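A short worksheet on the structure shown next.
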Amino acid sequence: MNSVAIIGAGASGVAAARLACAQGVKTYVSDLRAEAAVAAGAERIRAVGADVELGRHDLERIGRSDTVVVSPGIHPDAPVLAALRRRGVRPISEPEFAFRFFQAPLIAVTGTNGKTTTAALAAHLLREAGVEVGLGGNVGGGLGPAASELALARPAPAWYVLELSSFQLAGVERFRPDIGVLTNLAPDHLDRYPSVAAYFADKARLFDNADERSKWVLNGDDEKALELAGEAPGERYTFSVERSDAAGRIEGDDLVLDVGRGRERLLGLDELPLLGAHNAGNALAAALAARLAGAGREPVARGLASARPLPHRLAPVAEVEGVLWVDDSKATNVAAALGAIRSLRDRRLVVLLGGKDKGEDFRPLAAALAECVRFAVTFGAAGERIASALGAGGVPTERVAPGAPFEAVGGPGRAGARPRARGGRCPRLGTVGNFNGKEDRGGAFAGLARGD
Ligand code: UMA
């Protein structure tokens with residue numbers, strides 16, 4: 001490889017450029033934006049020898065490069081990608097580029113929900129077993145770097161654990177995980193994909209280079225996830241919170257594994273510090289992956305007992321006047337919000353729902369909330385549609401105008417949470433969006449909880 005063109009100068013672009021330059025490859029990076037945030041990244045990669053252009057993409061130059069790497073956030077219909085398609089150029093994704101330089105085996109985690117929790121937990125369990133792990137990929141939020149940064153790390157870790165989005169899987173070619181984990185499948189990103197099937201098709205690329213040495217950890221409770229694996233070669237291990245024949249399962253009140261060495265009890269469900277059935281599934285998936293990567297039963301069990309919720313994933317942020325505020329702002333699709341609501345349904349709930357409208361059907365939320373919710377507040381671009389779905393389902397709802405600042409949900413939210421009985425506790429579940437990133441959403445939510 002003599003030359004690489006990288007499209008986009010965000011976290012992916014900067015990491016890929018640093019990796020390319022470290023290989024002595026001629027590197028050109030371009031980004032349509034020229035704002036301060038991009039300029040700072042551009043300076044970092046200029047310093048290691050890349051040519052950087054902000055404000056335009058030089059199609060001639062990109063077309064002449066041996067390899068073209070595209071950032072995941074760029075829409076497939078963006079003019080630059082459409083123009084490259086017309087020229088017969090097929091860009092690869094940043095994790096595909098990184099994979100070509102990996103020096104250790106790889107666990108790749110994808111799925112609609114639970115990816116970050118499962119990937120971070122698998123890394124935690126392996127570390128508990130004394131294994132050096134590089135954790136990164138889509139995780140973001142300061143929890144892990146882009147895949148290319150992991151490829152640069154020296155000494156190389158003993159295992160890489162990567163979280164992958166469908167946007168990243170869309171551009172794989174040789175990418176081949178030793179252990180692939182599919183947490184679940186549900187509709188998402190319908191603002192980017194023409195159909196749910198098209199979104200699932202990108203997820204299916206996890207299996208593109210499967211062979212008989214591959215190991216697959218699949219959600220046994222999710223028909224669509226099992227179907228997606230199709231006839232992919234390799235060994236299969238299912239995890240399930242419902243079925244007794246799964247390799248990772250719940251027996252009575254215990255989490256149990258069987259990876260072909262007999263039944264292994266890990267720990268009791270009540271010892272797992274993560275809320276909800278969906279997190280029991282994530283824990284089983286991570287335990288299977290870590291065990292298949294060589295971690296012993298004991299460190300896996302110890303690691304599960306010391307697991308902590310990641311920020312913005314059903315994370316308690318404050319308890320104020322008998323109200324527990326729970327930040328679940330990473331629940332950015334209906335399936336994720338349902339998982340959270342179900343795991344808190346034995347408490348009285350006030351939910352704050354809204355943010356960007358990705359085109360999903362919100363009626364399933366109404367059905368789940370009708371059973372347990374006390375009050376819902378909707379906001380943001382999706383607020384109107386969510387409120388209509390909840391109203392039709394008989395859920396008491398207050399709608400905050402779409403243009404109003406997020407703080408405007410505080411008043412109705414707080415009023416709705418006022419405990420009826422003294423000492424009554426009413427956890428709130430905030431599924432909020434419409435911000436620059438989950439840091440902002442979670443920060444704003446924590447501010448509401450404190451009454452800032
Ligand atoms: N751009 C162009 N030309 C265009 C359009 C855009 O140059 O025509 C530029 C933009 O100005 C921007 C860059 O391309 O500077 C695109 O960057 P990006 O959106 O791909 O963001 P990165 O900073 O590279 O971050 C990406 C992931 N972001 C997305 O997929 C949207 C991060 O996942 C990931 O952590 C990071 O790579 C490292 O792997 C975040 C995410 O939100 C956490 N992921 C989505 C999710 O989890 O739902 C998929």
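Ordering of the structure tokens sets the chain letters (A, B, ...), residue numbers begin anew at 1 in every chain, and ligands are numbered from 1 in the order given.
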- request: Could you tell me, counting only C-alpha atoms and all ligand atoms, which protein and nucleic acid residues lie no more than 7 Å from ligand 1, written as a VMD selection string?
  value: chain A and resid 7 to 13 30 to 33 38 71 to 75 78 to 80 137 to 141 145 to 147 165 167
Please provide the set of residues having any atom within 12 Å of region 203-208 of chain A, restricted to only C-alpha atoms, with same-chain residues fewer than 3 positions apart removed, written as a PDB file with N, CA and C atoms, in the first residue's frame.
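Final file, part15.pdb:
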```pdb
ATOM      1  N   PRO A  95     -12.454   0.496  10.973  1.00  0.00           N
ATOM      2  CA  PRO A  95     -12.053  -0.754  11.644  1.00  0.00           C
ATOM      3  C   PRO A  95     -11.486  -1.792  10.663  1.00  0.00           C
ATOM      4  N   GLU A  96     -11.998  -1.800   9.420  1.00  0.00           N
ATOM      5  CA  GLU A  96     -11.428  -2.709   8.411  1.00  0.00           C
ATOM      6  C   GLU A  96      -9.954  -2.350   8.176  1.00  0.00           C
ATOM      7  N   ILE A 107     -12.067 -10.037  19.501  1.00  0.00           N
ATOM      8  CA  ILE A 107     -13.492 -10.236  19.813  1.00  0.00           C
ATOM      9  C   ILE A 107     -14.214  -9.019  19.236  1.00  0.00           C
ATOM     10  N   ALA A 108     -15.192  -9.239  18.352  1.00  0.00           N
ATOM     11  CA  ALA A 108     -15.963  -8.122  17.787  1.00  0.00           C
ATOM     12  C   ALA A 108     -17.403  -8.233  18.285  1.00  0.00           C
ATOM     13  N   VAL A 109     -17.921  -7.119  18.806  1.00  0.00           N
ATOM     14  CA  VAL A 109     -19.273  -7.118  19.373  1.00  0.00           C
ATOM     15  C   VAL A 109     -20.152  -6.178  18.560  1.00  0.00           C
ATOM     16  N   THR A 110     -21.254  -6.700  18.044  1.00  0.00           N
ATOM     17  CA  THR A 110     -22.225  -5.823  17.405  1.00  0.00           C
ATOM     18  C   THR A 110     -23.631  -6.206  17.849  1.00  0.00           C
ATOM     19  N   GLY A 111     -24.637  -5.528  17.287  1.00  0.00           N
ATOM     20  CA  GLY A 111     -26.019  -5.731  17.709  1.00  0.00           C
ATOM     21  C   GLY A 111     -26.644  -4.358  17.789  1.00  0.00           C
ATOM     22  N   THR A 112     -27.962  -4.312  18.025  1.00  0.00           N
ATOM     23  CA  THR A 112     -28.598  -2.998  18.090  1.00  0.00           C
ATOM     24  C   THR A 112     -28.359  -2.358  19.450  1.00  0.00           C
ATOM     25  N   LEU A 162     -13.464  -5.125  20.137  1.00  0.00           N
ATOM     26  CA  LEU A 162     -13.995  -3.998  19.360  1.00  0.00           C
ATOM     27  C   LEU A 162     -15.507  -4.000  19.382  1.00  0.00           C
ATOM     28  N   GLU A 163     -16.085  -2.821  19.618  1.00  0.00           N
ATOM     29  CA  GLU A 163     -17.522  -2.649  19.368  1.00  0.00           C
ATOM     30  C   GLU A 163     -17.670  -2.116  17.950  1.00  0.00           C
ATOM     31  N   LEU A 164     -18.611  -2.674  17.202  1.00  0.00           N
ATOM     32  CA  LEU A 164     -18.800  -2.249  15.809  1.00  0.00           C
ATOM     33  C   LEU A 164     -20.232  -1.814  15.550  1.00  0.00           C
ATOM     34  N   SER A 165     -20.387  -0.682  14.886  1.00  0.00           N
ATOM     35  CA  SER A 165     -21.720  -0.240  14.460  1.00  0.00           C
ATOM     36  C   SER A 165     -21.985  -0.793  13.060  1.00  0.00           C
ATOM     37  N   SER A 166     -23.244  -0.723  12.637  1.00  0.00           N
ATOM     38  CA  SER A 166     -23.574  -1.160  11.271  1.00  0.00           C
ATOM     39  C   SER A 166     -22.861  -0.271  10.256  1.00  0.00           C
ATOM     40  N   PHE A 167     -22.670   1.026  10.607  1.00  0.00           N
ATOM     41  CA  PHE A 167     -22.006   1.946   9.675  1.00  0.00           C
ATOM     42  C   PHE A 167     -20.567   1.474   9.419  1.00  0.00           C
ATOM     43  N   GLN A 168     -19.944   0.926  10.443  1.00  0.00           N
ATOM     44  CA  GLN A 168     -18.569   0.450  10.302  1.00  0.00           C
ATOM     45  C   GLN A 168     -18.529  -0.903   9.582  1.00  0.00           C
ATOM     46  N   LEU A 169     -19.516  -1.757   9.896  1.00  0.00           N
ATOM     47  CA  LEU A 169     -19.545  -3.075   9.235  1.00  0.00           C
ATOM     48  C   LEU A 169     -19.836  -2.935   7.741  1.00  0.00           C
ATOM     49  N   ALA A 170     -20.506  -1.836   7.365  1.00  0.00           N
ATOM     50  CA  ALA A 170     -20.839  -1.634   5.944  1.00  0.00           C
ATOM     51  C   ALA A 170     -19.586  -1.638   5.076  1.00  0.00           C
ATOM     52  N   GLY A 171     -18.458  -1.256   5.653  1.00  0.00           N
ATOM     53  CA  GLY A 171     -17.236  -1.138   4.843  1.00  0.00           C
ATOM     54  C   GLY A 171     -16.180  -2.172   5.189  1.00  0.00           C
ATOM     55  N   VAL A 172     -16.594  -3.418   5.472  1.00  0.00           N
ATOM     56  CA  VAL A 172     -15.580  -4.452   5.743  1.00  0.00           C
ATOM     57  C   VAL A 172     -15.273  -5.231   4.465  1.00  0.00           C
ATOM     58  N   GLU A 173     -14.084  -5.804   4.448  1.00  0.00           N
ATOM     59  CA  GLU A 173     -13.655  -6.606   3.298  1.00  0.00           C
ATOM     60  C   GLU A 173     -13.023  -7.912   3.782  1.00  0.00           C
ATOM     61  N   ARG A 174     -11.938  -7.745   4.576  1.00  0.00           N
ATOM     62  CA  ARG A 174     -11.237  -8.930   5.105  1.00  0.00           C
ATOM     63  C   ARG A 174     -11.511  -9.150   6.580  1.00  0.00           C
ATOM     64  N   PHE A 175     -12.213  -8.239   7.189  1.00  0.00           N
ATOM     65  CA  PHE A 175     -12.451  -8.239   8.637  1.00  0.00           C
ATOM     66  C   PHE A 175     -12.967  -9.606   9.101  1.00  0.00           C
ATOM     67  N   ARG A 176     -12.243 -10.200  10.049  1.00  0.00           N
ATOM     68  CA  ARG A 176     -12.606 -11.539  10.495  1.00  0.00           C
ATOM     69  C   ARG A 176     -12.333 -11.681  11.993  1.00  0.00           C
ATOM     70  N   PRO A 177     -13.369 -11.518  12.819  1.00  0.00           N
ATOM     71  CA  PRO A 177     -13.148 -11.691  14.252  1.00  0.00           C
ATOM     72  C   PRO A 177     -12.908 -13.159  14.595  1.00  0.00           C
ATOM     73  N   ASP A 178     -12.095 -13.412  15.613  1.00  0.00           N
ATOM     74  CA  ASP A 178     -11.942 -14.791  16.103  1.00  0.00           C
ATOM     75  C   ASP A 178     -13.198 -15.189  16.860  1.00  0.00           C
ATOM     76  N   ILE A 179     -13.722 -14.218  17.626  1.00  0.00           N
ATOM     77  CA  ILE A 179     -14.985 -14.428  18.340  1.00  0.00           C
ATOM     78  C   ILE A 179     -15.900 -13.259  17.981  1.00  0.00           C
ATOM     79  N   GLY A 180     -17.072 -13.561  17.437  1.00  0.00           N
ATOM     80  CA  GLY A 180     -18.029 -12.505  17.080  1.00  0.00           C
ATOM     81  C   GLY A 180     -19.248 -12.609  17.982  1.00  0.00           C
ATOM     82  N   VAL A 181     -19.695 -11.474  18.517  1.00  0.00           N
ATOM     83  CA  VAL A 181     -20.852 -11.462  19.420  1.00  0.00           C
ATOM     84  C   VAL A 181     -21.951 -10.620  18.782  1.00  0.00           C
ATOM     85  N   LEU A 182     -23.153 -11.179  18.697  1.00  0.00           N
ATOM     86  CA  LEU A 182     -24.316 -10.427  18.200  1.00  0.00           C
ATOM     87  C   LEU A 182     -25.317 -10.336  19.357  1.00  0.00           C
ATOM     88  N   THR A 183     -25.440  -9.134  19.932  1.00  0.00           N
ATOM     89  CA  THR A 183     -26.239  -9.011  21.162  1.00  0.00           C
ATOM     90  C   THR A 183     -27.741  -9.144  20.901  1.00  0.00           C
ATOM     91  N   ASN A 184     -28.230  -8.528  19.851  1.00  0.00           N
ATOM     92  CA  ASN A 184     -29.664  -8.564  19.499  1.00  0.00           C
ATOM     93  C   ASN A 184     -29.875  -7.743  18.237  1.00  0.00           C
ATOM     94  N   LEU A 185     -31.080  -7.798  17.694  1.00  0.00           N
ATOM     95  CA  LEU A 185     -31.409  -6.987  16.514  1.00  0.00           C
ATOM     96  C   LEU A 185     -32.792  -6.364  16.697  1.00  0.00           C
ATOM     97  N   ALA A 186     -32.885  -5.076  16.408  1.00  0.00           N
ATOM     98  CA  ALA A 186     -34.167  -4.369  16.457  1.00  0.00           C
ATOM     99  C   ALA A 186     -34.065  -3.199  15.490  1.00  0.00           C
ATOM    100  N   PRO A 187     -35.194  -2.635  15.071  1.00  0.00           N
ATOM    101  CA  PRO A 187     -35.117  -1.499  14.142  1.00  0.00           C
ATOM    102  C   PRO A 187     -34.335  -0.338  14.752  1.00  0.00           C
ATOM    103  N   ASP A 188     -33.506   0.308  13.953  1.00  0.00           N
ATOM    104  CA  ASP A 188     -32.762   1.500  14.380  1.00  0.00           C
ATOM    105  C   ASP A 188     -32.224   2.198  13.130  1.00  0.00           C
ATOM    106  N   VAL A 196     -35.494  -1.599   7.439  1.00  0.00           N
ATOM    107  CA  VAL A 196     -34.889  -2.368   8.533  1.00  0.00           C
ATOM    108  C   VAL A 196     -34.000  -3.471   7.941  1.00  0.00           C
ATOM    109  N   ALA A 197     -34.456  -4.063   6.829  1.00  0.00           N
ATOM    110  CA  ALA A 197     -33.682  -5.151   6.200  1.00  0.00           C
ATOM    111  C   ALA A 197     -32.304  -4.653   5.765  1.00  0.00           C
ATOM    112  N   ALA A 198     -32.240  -3.414   5.268  1.00  0.00           N
ATOM    113  CA  ALA A 198     -30.950  -2.873   4.815  1.00  0.00           C
ATOM    114  C   ALA A 198     -30.009  -2.674   6.011  1.00  0.00           C
ATOM    115  N   TYR A 199     -30.579  -2.251   7.138  1.00  0.00           N
ATOM    116  CA  TYR A 199     -29.782  -2.083   8.369  1.00  0.00           C
ATOM    117  C   TYR A 199     -29.267  -3.453   8.847  1.00  0.00           C
ATOM    118  N   PHE A 200     -30.153  -4.450   8.864  1.00  0.00           N
ATOM    119  CA  PHE A 200     -29.738  -5.791   9.288  1.00  0.00           C
ATOM    120  C   PHE A 200     -28.667  -6.347   8.332  1.00  0.00           C
ATOM    121  N   ASP A 211     -15.027 -18.647   9.068  1.00  0.00           N
ATOM    122  CA  ASP A 211     -14.534 -19.969   8.662  1.00  0.00           C
ATOM    123  C   ASP A 211     -14.699 -20.929   9.840  1.00  0.00           C
ATOM    124  N   GLU A 212     -14.210 -22.160   9.669  1.00  0.00           N
ATOM    125  CA  GLU A 212     -14.499 -23.157  10.705  1.00  0.00           C
ATOM    126  C   GLU A 212     -13.826 -22.851  12.045  1.00  0.00           C
ATOM    127  N   SER A 214     -13.939 -19.852  13.403  1.00  0.00           N
ATOM    128  CA  SER A 214     -14.689 -18.745  14.016  1.00  0.00           C
ATOM    129  C   SER A 214     -15.550 -19.254  15.169  1.00  0.00           C
ATOM    130  N   LYS A 215     -15.729 -18.399  16.153  1.00  0.00           N
ATOM    131  CA  LYS A 215     -16.647 -18.719  17.258  1.00  0.00           C
ATOM    132  C   LYS A 215     -17.680 -17.595  17.330  1.00  0.00           C
ATOM    133  N   TRP A 216     -18.944 -17.976  17.419  1.00  0.00           N
ATOM    134  CA  TRP A 216     -20.034 -16.983  17.403  1.00  0.00           C
ATOM    135  C   TRP A 216     -20.823 -17.060  18.695  1.00  0.00           C
ATOM    136  N   VAL A 217     -21.019 -15.926  19.328  1.00  0.00           N
ATOM    137  CA  VAL A 217     -21.849 -15.836  20.530  1.00  0.00           C
ATOM    138  C   VAL A 217     -23.132 -15.118  20.116  1.00  0.00           C
ATOM    139  N   LEU A 218     -24.252 -15.831  20.163  1.00  0.00           N
ATOM    140  CA  LEU A 218     -25.497 -15.309  19.574  1.00  0.00           C
ATOM    141  C   LEU A 218     -26.615 -15.302  20.605  1.00  0.00           C
ATOM    142  N   LYS A 224     -34.309 -13.152  15.113  1.00  0.00           N
ATOM    143  CA  LYS A 224     -33.702 -12.404  14.000  1.00  0.00           C
ATOM    144  C   LYS A 224     -32.176 -12.479  14.074  1.00  0.00           C
ATOM    145  N   ALA A 225     -31.651 -12.450  15.294  1.00  0.00           N
ATOM    146  CA  ALA A 225     -30.194 -12.523  15.452  1.00  0.00           C
ATOM    147  C   ALA A 225     -29.702 -13.912  15.046  1.00  0.00           C
ATOM    148  N   LEU A 226     -30.459 -14.942  15.402  1.00  0.00           N
ATOM    149  CA  LEU A 226     -30.060 -16.312  15.026  1.00  0.00           C
ATOM    150  C   LEU A 226     -30.118 -16.476  13.509  1.00  0.00           C
ATOM    151  N   GLU A 227     -31.176 -15.919  12.914  1.00  0.00           N
ATOM    152  CA  GLU A 227     -31.323 -16.001  11.445  1.00  0.00           C
ATOM    153  C   GLU A 227     -30.194 -15.275  10.732  1.00  0.00           C
ATOM    154  N   LEU A 228     -29.769 -14.153  11.310  1.00  0.00           N
ATOM    155  CA  LEU A 228     -28.757 -13.337  10.636  1.00  0.00           C
ATOM    156  C   LEU A 228     -27.451 -14.117  10.472  1.00  0.00           C
ATOM    157  N   ALA A 229     -27.154 -14.966  11.447  1.00  0.00           N
ATOM    158  CA  ALA A 229     -25.919 -15.757  11.366  1.00  0.00           C
ATOM    159  C   ALA A 229     -26.025 -16.781  10.236  1.00  0.00           C
ATOM    160  N   GLY A 230     -27.244 -17.133   9.867  1.00  0.00           N
ATOM    161  CA  GLY A 230     -27.490 -18.043   8.746  1.00  0.00           C
ATOM    162  C   GLY A 230     -26.651 -19.297   8.857  1.00  0.00           C
ATOM    163  N   GLU A 231     -26.008 -19.654   7.753  1.00  0.00           N
ATOM    164  CA  GLU A 231     -25.200 -20.882   7.710  1.00  0.00           C
ATOM    165  C   GLU A 231     -23.721 -20.560   7.913  1.00  0.00           C
ATOM    166  N   ALA A 232     -23.396 -19.401   8.486  1.00  0.00           N
ATOM    167  CA  ALA A 232     -21.979 -19.015   8.643  1.00  0.00           C
ATOM    168  C   ALA A 232     -21.206 -20.136   9.341  1.00  0.00           C
ATOM    169  N   PRO A 233     -20.038 -20.521   8.775  1.00  0.00           N
ATOM    170  CA  PRO A 233     -19.279 -21.578   9.427  1.00  0.00           C
ATOM    171  C   PRO A 233     -18.714 -21.143  10.777  1.00  0.00           C
ATOM    172  N   GLY A 234     -18.319 -22.121  11.598  1.00  0.00           N
ATOM    173  CA  GLY A 234     -17.758 -21.813  12.917  1.00  0.00           C
ATOM    174  C   GLY A 234     -18.607 -22.429  14.021  1.00  0.00           C
TER     175      GLY A 234
END
```
Compile a residue-level contact table for region 311-345 of chain A against region 272-295 of chain A at a cut-off of 12 Å, reporting for every qualifying residue the shortest atom pair and its distance in Å to one decimal, with only C-alpha atoms counted, rows ordered by chain and ascending number, as a Markdown table.
```
| residue | atom | partner | partner_atom | distance |
| --- | --- | --- | --- | --- |
| A:Arg313 | CA | A:Leu275 | CA | 9.6 |
| A:Leu314 | CA | A:Leu275 | CA | 7.3 |
| A:Ala315 | CA | A:Leu275 | CA | 9.0 |
| A:Pro316 | CA | A:Leu275 | CA | 10.3 |
| A:Val326 | CA | A:Leu275 | CA | 11.0 |
| A:Asp328 | CA | A:Leu275 | CA | 11.5 |
| A:Ala335 | CA | A:His278 | CA | 10.5 |
| A:Ala336 | CA | A:His278 | CA | 9.1 |
| A:Ala337 | CA | A:His278 | CA | 11.0 |
| A:Leu338 | CA | A:His278 | CA | 9.9 |
| A:Gly339 | CA | A:His278 | CA | 6.2 |
| A:Ala340 | CA | A:Gly276 | CA | 7.1 |
| A:Ile341 | CA | A:Gly276 | CA | 9.1 |
| A:Arg342 | CA | A:Gly276 | CA | 7.4 |
| A:Ser343 | CA | A:Gly276 | CA | 4.2 |
| A:Leu344 | CA | A:Gly276 | CA | 7.4 |
| A:Arg345 | CA | A:Gly276 | CA | 9.8 |
```
Output file for the selection above: C-alpha atoms, as a JSON list (two decimals), in the first residue's frame:
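Writing the result to again_27.json gives the following:
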```json
[["chain", "number", "residue", "atom", "x", "y", "z"],
["A", 313, "ARG", "CA", -26.89, 3.17, 30.56],
["A", 314, "LEU", "CA", -29.48, 2.81, 33.31],
["A", 315, "ALA", "CA", -27.06, 4.70, 35.53],
["A", 316, "PRO", "CA", -28.50, 6.20, 38.74],
["A", 326, "VAL", "CA", -31.82, 7.18, 36.31],
["A", 328, "ASP", "CA", -30.59, 5.98, 30.27],
["A", 335, "ALA", "CA", -36.07, -1.53, 21.79],
["A", 336, "ALA", "CA", -33.49, -0.06, 24.18],
["A", 337, "ALA", "CA", -36.10, 2.08, 25.94],
["A", 338, "LEU", "CA", -38.35, -0.98, 26.33],
["A", 339, "GLY", "CA", -35.53, -2.95, 27.94],
["A", 340, "ALA", "CA", -35.00, -0.18, 30.47],
["A", 341, "ILE", "CA", -38.71, 0.29, 31.20],
["A", 342, "ARG", "CA", -39.17, -3.44, 31.74],
["A", 343, "SER", "CA", -36.26, -3.61, 34.14],
["A", 344, "LEU", "CA", -37.79, -0.84, 36.29],
["A", 345, "ARG", "CA", -41.43, -1.83, 35.99]]
```
message: Just list as an MDAnalysis selection string whatever in region 223-419 of chain A DSSP marks as alpha helix (DSSP H).
response: chainID A and resid 223:229 277:292 297:305 334:343 363:372 383:392 410:417
Generate a file of the selected residues that holds C-alpha atoms, formatted as an mmCIF file, in the first residue's frame.
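Output file out-v2.cif is given in full below:
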```cif
data_model
loop_
_atom_site.group_PDB
_atom_site.id
_atom_site.type_symbol
_atom_site.label_atom_id
_atom_site.label_comp_id
_atom_site.auth_asym_id
_atom_site.auth_seq_id
_atom_site.Cartn_x
_atom_site.Cartn_y
_atom_site.Cartn_z
ATOM 1 C CA GLU A 223 -34.907 -15.174 16.296
ATOM 2 C CA LYS A 224 -33.702 -12.404 14.000
ATOM 3 C CA ALA A 225 -30.194 -12.523 15.452
ATOM 4 C CA LEU A 226 -30.060 -16.312 15.026
ATOM 5 C CA GLU A 227 -31.323 -16.001 11.445
ATOM 6 C CA LEU A 228 -28.757 -13.337 10.636
ATOM 7 C CA ALA A 229 -25.919 -15.757 11.366
ATOM 8 C CA ALA A 277 -32.967 -8.831 32.266
ATOM 9 C CA HIS A 278 -31.309 -7.286 29.207
ATOM 10 C CA ASN A 279 -28.162 -6.767 31.292
ATOM 11 C CA ALA A 280 -28.263 -10.404 32.457
ATOM 12 C CA GLY A 281 -28.171 -11.248 28.727
ATOM 13 C CA ASN A 282 -25.276 -8.844 28.141
ATOM 14 C CA ALA A 283 -23.416 -10.379 31.097
ATOM 15 C CA LEU A 284 -23.896 -13.910 29.730
ATOM 16 C CA ALA A 285 -22.695 -12.828 26.280
ATOM 17 C CA ALA A 286 -19.583 -11.156 27.717
ATOM 18 C CA ALA A 287 -18.890 -14.160 29.973
ATOM 19 C CA LEU A 288 -19.107 -16.541 27.020
ATOM 20 C CA ALA A 289 -16.777 -14.384 24.924
ATOM 21 C CA ALA A 290 -14.224 -14.069 27.738
ATOM 22 C CA ARG A 291 -14.403 -17.790 28.563
ATOM 23 C CA LEU A 292 -13.968 -18.715 24.867
ATOM 24 C CA ARG A 297 -14.436 -19.531 35.313
ATOM 25 C CA GLU A 298 -13.309 -17.888 38.566
ATOM 26 C CA PRO A 299 -12.022 -14.589 37.176
ATOM 27 C CA VAL A 300 -15.113 -14.388 34.948
ATOM 28 C CA ALA A 301 -17.377 -14.837 37.985
ATOM 29 C CA ARG A 302 -15.324 -12.315 40.003
ATOM 30 C CA GLY A 303 -15.402 -9.814 37.141
ATOM 31 C CA LEU A 304 -19.187 -10.048 36.814
ATOM 32 C CA ALA A 305 -19.582 -9.385 40.540
ATOM 33 C CA VAL A 334 -37.543 1.909 21.038
ATOM 34 C CA ALA A 335 -36.071 -1.531 21.786
ATOM 35 C CA ALA A 336 -33.493 -0.063 24.180
ATOM 36 C CA ALA A 337 -36.096 2.084 25.945
ATOM 37 C CA LEU A 338 -38.354 -0.976 26.330
ATOM 38 C CA GLY A 339 -35.526 -2.946 27.937
ATOM 39 C CA ALA A 340 -34.999 -0.183 30.471
ATOM 40 C CA ILE A 341 -38.711 0.287 31.203
ATOM 41 C CA ARG A 342 -39.173 -3.439 31.737
ATOM 42 C CA SER A 343 -36.264 -3.615 34.135
ATOM 43 C CA ARG A 363 -46.622 2.273 19.762
ATOM 44 C CA PRO A 364 -44.730 -0.529 21.573
ATOM 45 C CA LEU A 365 -43.634 2.088 24.137
ATOM 46 C CA ALA A 366 -47.258 2.908 24.894
ATOM 47 C CA ALA A 367 -48.089 -0.751 25.517
ATOM 48 C CA ALA A 368 -45.178 -1.200 27.952
ATOM 49 C CA LEU A 369 -45.730 2.105 29.720
ATOM 50 C CA ALA A 370 -49.468 1.634 30.152
ATOM 51 C CA GLU A 371 -48.697 -1.167 32.627
ATOM 52 C CA CYS A 372 -46.384 0.757 34.894
ATOM 53 C CA GLY A 383 -41.870 14.436 20.976
ATOM 54 C CA GLU A 384 -45.056 15.009 18.991
ATOM 55 C CA ARG A 385 -45.117 11.519 17.497
ATOM 56 C CA ILE A 386 -44.238 9.847 20.807
ATOM 57 C CA ALA A 387 -46.953 11.816 22.622
ATOM 58 C CA SER A 388 -49.575 10.782 20.044
ATOM 59 C CA ALA A 389 -48.611 7.120 20.404
ATOM 60 C CA LEU A 390 -48.662 7.316 24.215
ATOM 61 C CA GLY A 391 -51.923 9.296 24.276
ATOM 62 C CA ALA A 392 -53.630 6.710 22.049
ATOM 63 C CA GLY A 410 -37.757 19.543 34.327
ATOM 64 C CA GLY A 411 -40.923 21.186 35.697
ATOM 65 C CA PRO A 412 -43.504 18.679 34.426
ATOM 66 C CA GLY A 413 -41.085 15.814 35.124
ATOM 67 C CA ARG A 414 -40.554 16.861 38.734
ATOM 68 C CA ALA A 415 -44.265 17.475 39.297
ATOM 69 C CA GLY A 416 -45.105 14.065 37.888
ATOM 70 C CA ALA A 417 -42.613 12.378 40.181
#
```
- request: Could you check how far CA of Ala381 (chain A) sits from CA of Arg192 (chain A), in Å to one decimal?
  value: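 About the pair CA of Ala381 (chain A) and CA of Arg192 (chain A): they are 16.4 Å apart.
Counting only C-alpha atoms, region 18-25 of chain A has the following residues at most 8 Å away, ignoring those fewer than 3 positions along the same chain: Met1, Asn2, Ser3, Val4, Val14, Ala15, Ile45, Val48, Gly49, Ala50, Ala98, Ser148, Glu149, Ala151 and Leu152 of chain A.
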message: Just checking: using only C-alpha atoms, which residue out of A:Gly262, A:Gly41, A:Pro402, A:Pro309 ends up closest to Thr118 (chain A)?
response: A:Pro309
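Look at Gly359 (chain A): the protein and nucleic acid residues within 9 Å of it, using only C-alpha atoms and passing over chain neighbours fewer than 5 places away, are A:Asp188, A:His189, A:Leu190, A:Asp191, A:Ala382.
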Generate the output file for the selected residues, C-alpha atoms, as a CSV table (one decimal), in the first residue's frame.
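Just written: part19.csv:
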```csv
chain,number,residue,atom,x,y,z
A,188,ASP,CA,-32.8,1.5,14.4
A,189,HIS,CA,-31.1,4.2,12.2
A,190,LEU,CA,-34.1,4.4,9.9
A,191,ASP,CA,-33.0,8.0,9.1
A,382,ALA,CA,-39.7,13.1,18.1
```
Shell around Arg154 (chain A) at 12 Å using only C-alpha atoms, local window under 2 positions removed, as number ranges by chain: A: 102-104, 132-134, 149-152, 156-158
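For the pair CA of Ala408 (chain A) and CA of Asp346 (chain A), the separation is 27.6 Å.
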Residues of region 203-255 of chain A in strand (DSSP E), written as a ChimeraX atom specification: /A:215-219,235-239,248-251,254-255
Within 9 Å of Glu319 (chain A) using only C-alpha atoms, minus same-chain residues under 3 positions, as a VMD selection string: chain A and resid 316 322 to 326 427 449 to 450
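Straight-line separation from CA of Phe97 (chain A) to CA of Tyr28 (chain A): 14.7 Å.
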Find the residues near Glu242 (chain A): any atom within 9 Å, counting only C-alpha atoms, skip ones fewer than 6 places away on the same chain, and give them as a compact mmCIF listing (two decimals) with C-alpha atoms, in the first residue's frame.
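Here's the written file around14.txt:
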```
# COMPACT_ATOMS: atom_id res chain seq x y z
CA GLY A 220 -30.74 -17.39 21.67
CA ASP A 221 -33.82 -15.35 22.61
CA ARG A 249 -28.23 -19.28 30.64
CA ILE A 250 -30.12 -18.62 33.83
```
